[in-house]
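Encoded as structure tokens, the structure appears first; notes follow it.
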Amino acid sequence: MDRIGKHIASLFKLSEEQVSIFLSAFSREELKKNDVFMEEGKICNKVGLIESGLMKCVFHKHGDEIIFEFAFENNFISDYYSFVTDTPSAKEIKCIEDTTVYVITKDRLNKLGRSHPFIEGISRQMNEKLFLRMHDRLKSFLLDTASERYMKLMSERSDLVQRIPQYLIASYLNVKPETISRIRKKNTL
């Protein structure tokens with residue numbers, strides 16, 4: 001079983017056969033830096049599973065990008081709101097690095113779910129993980145200082161500092177890039 005298969009098996013507590021069935025419905029895509037995975041204004045009908053690389057989910061406001069989320073190795077990526085509601089996406093999902101992603105369409109996922117009941121369990125677990133992640137992010141925005149949000153990000157995803165420009169991290173944390181500089185300086189003293 002490859003690295004992605006092992007990750008899926010441990011994440012959802014699946015057998016090797018179940019992982020094989022699940023991943024057989026995905027197609028592998030090679031995307032380049034700056035390629036768009038999901039266009040703003042289009043209905044999102046796919047979910048990606050990143051094997052390697054890094055993507056950002058952004059909202060556009062007055063010509064500025066507002067980072068909603070980063071997705072990297074072993075993460076699922078989609079505009080889940082658009083996927084569930086069949087409404088046009090308010091976000092764009094774009095590659096920050098060259099990215100290899102396994103992609104499944106909504107139709108293929110639904111068909112797979114009708115044939116294999118364990119897929120419903122995966123879907124439920126994905127929904128729960130997404131809800132918990134969004135809850136934690138919102139709670140952090142409401143209760144944590146900019147410094148606390150930065151330190152949490154670094155403790156959870158320390159590799160991002162080397163992979164993502166400071167201005168993108170600042171956008172994700174909803175602060176100015178200068179604030180990130182001050183936080184870094186303060187925490188290295």
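FYI, nothing fancy with the structure tokens labels: chains A, B, ... in order, residues from 1 per chain, ligands from 1 as they appear.
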
Per-residue nearest contacts of segment 1-101 of chain A to segment 147-169 of chain A (9 Å; only C-alpha atoms) as CSV:
```
residue,atom,partner,partner_atom,distance
A:Leu54,CA,A:Arg163,CA,8.4
A:Glu65,CA,A:Leu168,CA,8.7
A:Ile66,CA,A:Leu168,CA,8.4
A:Ile67,CA,A:Leu168,CA,6.9
A:Ile96,CA,A:Ile164,CA,7.9
A:Glu97,CA,A:Arg163,CA,8.6
```

Export of prior selection with N, CA and C atoms as a PDB file, in the first residue's frame:
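Saved as out12.pdb:
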```
ATOM      1  N   LEU A  54       1.060  21.921  -2.268  1.00  0.00           N
ATOM      2  CA  LEU A  54       0.397  22.847  -1.355  1.00  0.00           C
ATOM      3  C   LEU A  54      -0.587  23.705  -2.142  1.00  0.00           C
ATOM      4  N   GLU A  65      -6.604  39.025  -2.065  1.00  0.00           N
ATOM      5  CA  GLU A  65      -6.870  37.623  -1.709  1.00  0.00           C
ATOM      6  C   GLU A  65      -6.947  37.521  -0.190  1.00  0.00           C
ATOM      7  N   ILE A  66      -7.992  36.875   0.281  1.00  0.00           N
ATOM      8  CA  ILE A  66      -8.130  36.597   1.706  1.00  0.00           C
ATOM      9  C   ILE A  66      -8.040  35.083   1.859  1.00  0.00           C
ATOM     10  N   ILE A  67      -7.004  34.641   2.528  1.00  0.00           N
ATOM     11  CA  ILE A  67      -6.747  33.208   2.663  1.00  0.00           C
ATOM     12  C   ILE A  67      -7.725  32.603   3.654  1.00  0.00           C
ATOM     13  N   ILE A  96      -0.040  26.640  -4.656  1.00  0.00           N
ATOM     14  CA  ILE A  96       1.092  27.462  -4.243  1.00  0.00           C
ATOM     15  C   ILE A  96       2.386  26.800  -4.711  1.00  0.00           C
ATOM     16  N   GLU A  97       2.371  25.494  -4.823  1.00  0.00           N
ATOM     17  CA  GLU A  97       3.506  24.698  -5.298  1.00  0.00           C
ATOM     18  C   GLU A  97       2.992  23.742  -6.367  1.00  0.00           C
TER      19      GLU A  97
END
```

Residues near segment 134-145 of chain A, anyone? I mean within 9 Å using only C-alpha atoms, not counting same-chain ones fewer than 5 positions away, as a list in words.
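Surrounding residues, per the criterion: Lys129, Tyr150, Leu173 and Asn174 of chain A.
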
Write out as an MDAnalysis selection string the set of residues from segment 52-176 of chain A that DSSP, computed on the backbone, places in strand (DSSP E).
chainID A and resid 52 54:61 64:72 76:77 92:95 99:105

One-decimal distance in Å that lies between atom CA of Cys95 of chain A and atom CA of Lys33 of chain A
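Straight-line distance from atom CA of Lys33 of chain A to atom CA of Cys95 of chain A works out to 5.1 Å.
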
In terms of the shortest atom-to-atom distance over only C-alpha atoms, which of A:Asn110, A:Met38, A:Phe118, A:Asn74 is closest to His7 of chain A?
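Nearest to His7 of chain A: A:Asn74.
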
Figure out the distance between atom CA of Gln125 of chain A and atom CA of Glu51 of chain A, please, to one decimal in Å.
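Distance between the two atoms: 19.8 Å.
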
Could you give me, as a PyMOL selection string, each residue of segment 8-187 of chain A that DSSP assigns to alpha helix (DSSP H) when run on this structure's backbone?
chain A and resi 8-12+16-24+80-85+106-115+118-143+146-156+160-163+166-173+177-187

Residues of the last selection are to be written out with C-alpha atoms, as a PDB file, in the first residue's frame.
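Just written: result-v4.pdb:
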```pdb
ATOM      1  CA  ILE A   8      -6.483   6.801   4.314  1.00  0.00           C
ATOM      2  CA  ALA A   9      -6.422   3.429   6.105  1.00  0.00           C
ATOM      3  CA  SER A  10      -5.309   4.983   9.393  1.00  0.00           C
ATOM      4  CA  LEU A  11      -7.480   8.102   9.081  1.00  0.00           C
ATOM      5  CA  PHE A  12     -10.712   6.177   8.505  1.00  0.00           C
ATOM      6  CA  GLU A  16      -6.468  -2.555   2.591  1.00  0.00           C
ATOM      7  CA  GLU A  17      -9.324  -3.804   0.370  1.00  0.00           C
ATOM      8  CA  GLN A  18     -11.568  -0.878   1.378  1.00  0.00           C
ATOM      9  CA  VAL A  19      -8.753   1.609   0.703  1.00  0.00           C
ATOM     10  CA  SER A  20      -8.234   0.054  -2.717  1.00  0.00           C
ATOM     11  CA  ILE A  21     -11.965   0.326  -3.525  1.00  0.00           C
ATOM     12  CA  PHE A  22     -12.090   3.936  -2.306  1.00  0.00           C
ATOM     13  CA  LEU A  23      -8.973   5.124  -4.159  1.00  0.00           C
ATOM     14  CA  SER A  24      -9.884   3.267  -7.370  1.00  0.00           C
ATOM     15  CA  TYR A  80     -17.329  21.832   0.617  1.00  0.00           C
ATOM     16  CA  TYR A  81     -20.125  24.411   0.867  1.00  0.00           C
ATOM     17  CA  SER A  82     -20.474  24.554  -2.915  1.00  0.00           C
ATOM     18  CA  PHE A  83     -20.093  20.763  -3.129  1.00  0.00           C
ATOM     19  CA  VAL A  84     -22.959  20.143  -0.697  1.00  0.00           C
ATOM     20  CA  THR A  85     -25.318  22.925  -1.807  1.00  0.00           C
ATOM     21  CA  LYS A 106     -19.339  14.082  -6.742  1.00  0.00           C
ATOM     22  CA  ASP A 107     -21.089  11.691  -9.156  1.00  0.00           C
ATOM     23  CA  ARG A 108     -18.364   9.047  -8.787  1.00  0.00           C
ATOM     24  CA  LEU A 109     -18.344   9.448  -5.012  1.00  0.00           C
ATOM     25  CA  ASN A 110     -22.136   9.051  -4.831  1.00  0.00           C
ATOM     26  CA  LYS A 111     -22.029   6.015  -7.118  1.00  0.00           C
ATOM     27  CA  LEU A 112     -19.248   4.483  -5.025  1.00  0.00           C
ATOM     28  CA  GLY A 113     -21.268   5.158  -1.856  1.00  0.00           C
ATOM     29  CA  ARG A 114     -24.299   3.340  -3.275  1.00  0.00           C
ATOM     30  CA  SER A 115     -22.143   0.293  -4.062  1.00  0.00           C
ATOM     31  CA  PHE A 118     -18.417   1.905   4.205  1.00  0.00           C
ATOM     32  CA  ILE A 119     -18.116   5.037   2.031  1.00  0.00           C
ATOM     33  CA  GLU A 120     -20.965   6.580   4.052  1.00  0.00           C
ATOM     34  CA  GLY A 121     -18.788   6.197   7.152  1.00  0.00           C
ATOM     35  CA  ILE A 122     -15.919   7.979   5.422  1.00  0.00           C
ATOM     36  CA  SER A 123     -18.258  10.794   4.409  1.00  0.00           C
ATOM     37  CA  ARG A 124     -19.583  11.180   7.948  1.00  0.00           C
ATOM     38  CA  GLN A 125     -16.065  11.223   9.403  1.00  0.00           C
ATOM     39  CA  MET A 126     -14.938  13.802   6.826  1.00  0.00           C
ATOM     40  CA  ASN A 127     -17.916  16.004   7.717  1.00  0.00           C
ATOM     41  CA  GLU A 128     -17.082  15.727  11.405  1.00  0.00           C
ATOM     42  CA  LYS A 129     -13.396  16.553  10.863  1.00  0.00           C
ATOM     43  CA  LEU A 130     -14.300  19.533   8.698  1.00  0.00           C
ATOM     44  CA  PHE A 131     -16.778  20.819  11.278  1.00  0.00           C
ATOM     45  CA  LEU A 132     -14.253  20.468  14.104  1.00  0.00           C
ATOM     46  CA  ARG A 133     -11.506  22.211  12.122  1.00  0.00           C
ATOM     47  CA  MET A 134     -13.804  25.127  11.231  1.00  0.00           C
ATOM     48  CA  HIS A 135     -15.067  25.346  14.823  1.00  0.00           C
ATOM     49  CA  ASP A 136     -11.501  25.519  16.153  1.00  0.00           C
ATOM     50  CA  ARG A 137     -10.536  28.154  13.560  1.00  0.00           C
ATOM     51  CA  LEU A 138     -13.556  30.347  14.362  1.00  0.00           C
ATOM     52  CA  LYS A 139     -13.015  29.950  18.112  1.00  0.00           C
ATOM     53  CA  SER A 140      -9.384  30.980  17.677  1.00  0.00           C
ATOM     54  CA  PHE A 141     -10.393  34.098  15.726  1.00  0.00           C
ATOM     55  CA  LEU A 142     -12.822  35.062  18.457  1.00  0.00           C
ATOM     56  CA  LEU A 143     -10.691  34.302  21.511  1.00  0.00           C
ATOM     57  CA  ALA A 146      -2.741  37.380  16.746  1.00  0.00           C
ATOM     58  CA  SER A 147       0.363  36.074  18.500  1.00  0.00           C
ATOM     59  CA  GLU A 148      -1.532  33.086  19.913  1.00  0.00           C
ATOM     60  CA  ARG A 149      -2.998  32.281  16.471  1.00  0.00           C
ATOM     61  CA  TYR A 150       0.474  32.443  14.925  1.00  0.00           C
ATOM     62  CA  MET A 151       2.019  30.233  17.615  1.00  0.00           C
ATOM     63  CA  LYS A 152      -0.793  27.670  17.221  1.00  0.00           C
ATOM     64  CA  LEU A 153      -0.254  27.589  13.469  1.00  0.00           C
ATOM     65  CA  MET A 154       3.478  27.080  13.940  1.00  0.00           C
ATOM     66  CA  SER A 155       2.977  24.324  16.504  1.00  0.00           C
ATOM     67  CA  GLU A 156       0.505  22.497  14.253  1.00  0.00           C
ATOM     68  CA  LEU A 160       4.501  26.281   6.567  1.00  0.00           C
ATOM     69  CA  VAL A 161       6.953  29.047   7.501  1.00  0.00           C
ATOM     70  CA  GLN A 162       9.428  27.672   4.961  1.00  0.00           C
ATOM     71  CA  ARG A 163       6.787  26.909   2.323  1.00  0.00           C
ATOM     72  CA  GLN A 166       4.791  35.718   5.152  1.00  0.00           C
ATOM     73  CA  TYR A 167       2.081  37.855   3.508  1.00  0.00           C
ATOM     74  CA  LEU A 168      -0.033  34.709   2.879  1.00  0.00           C
ATOM     75  CA  ILE A 169       0.362  33.575   6.479  1.00  0.00           C
ATOM     76  CA  ALA A 170      -0.662  37.071   7.570  1.00  0.00           C
ATOM     77  CA  SER A 171      -3.774  36.906   5.386  1.00  0.00           C
ATOM     78  CA  TYR A 172      -4.671  33.491   6.817  1.00  0.00           C
ATOM     79  CA  LEU A 173      -4.338  34.846  10.370  1.00  0.00           C
ATOM     80  CA  PRO A 177       2.513  41.140   7.448  1.00  0.00           C
ATOM     81  CA  GLU A 178       4.255  43.579   9.828  1.00  0.00           C
ATOM     82  CA  THR A 179       2.394  41.926  12.713  1.00  0.00           C
ATOM     83  CA  ILE A 180       3.895  38.571  11.741  1.00  0.00           C
ATOM     84  CA  SER A 181       7.365  40.185  11.705  1.00  0.00           C
ATOM     85  CA  ARG A 182       6.819  41.607  15.200  1.00  0.00           C
ATOM     86  CA  ILE A 183       5.535  38.273  16.521  1.00  0.00           C
ATOM     87  CA  ARG A 184       8.524  36.410  15.049  1.00  0.00           C
ATOM     88  CA  LYS A 185      10.986  38.953  16.445  1.00  0.00           C
ATOM     89  CA  LYS A 186       9.365  38.833  19.900  1.00  0.00           C
ATOM     90  CA  ASN A 187       9.418  35.015  19.982  1.00  0.00           C
TER      91      ASN A 187
END
```

Gly53 of chain A: which residues within 12 Å, counting only C-alpha atoms, same-chain residues fewer than 4 positions away excluded, as a list in words?
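The residues satisfying every condition are Glu29, Glu30, Leu31, Lys32, Lys33, Asn34, Asp35, Leu49, Phe70, Ala71, Phe72, Glu73, Asn74, Asn75, Ile77, Lys94, Cys95, Ile96, Glu97, Asp98, Thr99, Thr100, Val101, Tyr102, Leu160, Arg163 and Ile164 of chain A.
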
Atom CA of Asn45 of chain A to atom CA of Ile4 of chain A, straight-line distance in Å:
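About the pair atom CA of Ile4 of chain A and atom CA of Asn45 of chain A: they are 21.7 Å apart.
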
Taking only C-alpha atoms into account, name the residue in A:Arg3, A:Lys46, A:Lys176, A:Lys91 that is nearest to Ala25 of chain A.
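Checking each candidate against Ala25 of chain A, we get A:Lys46 as the closest.
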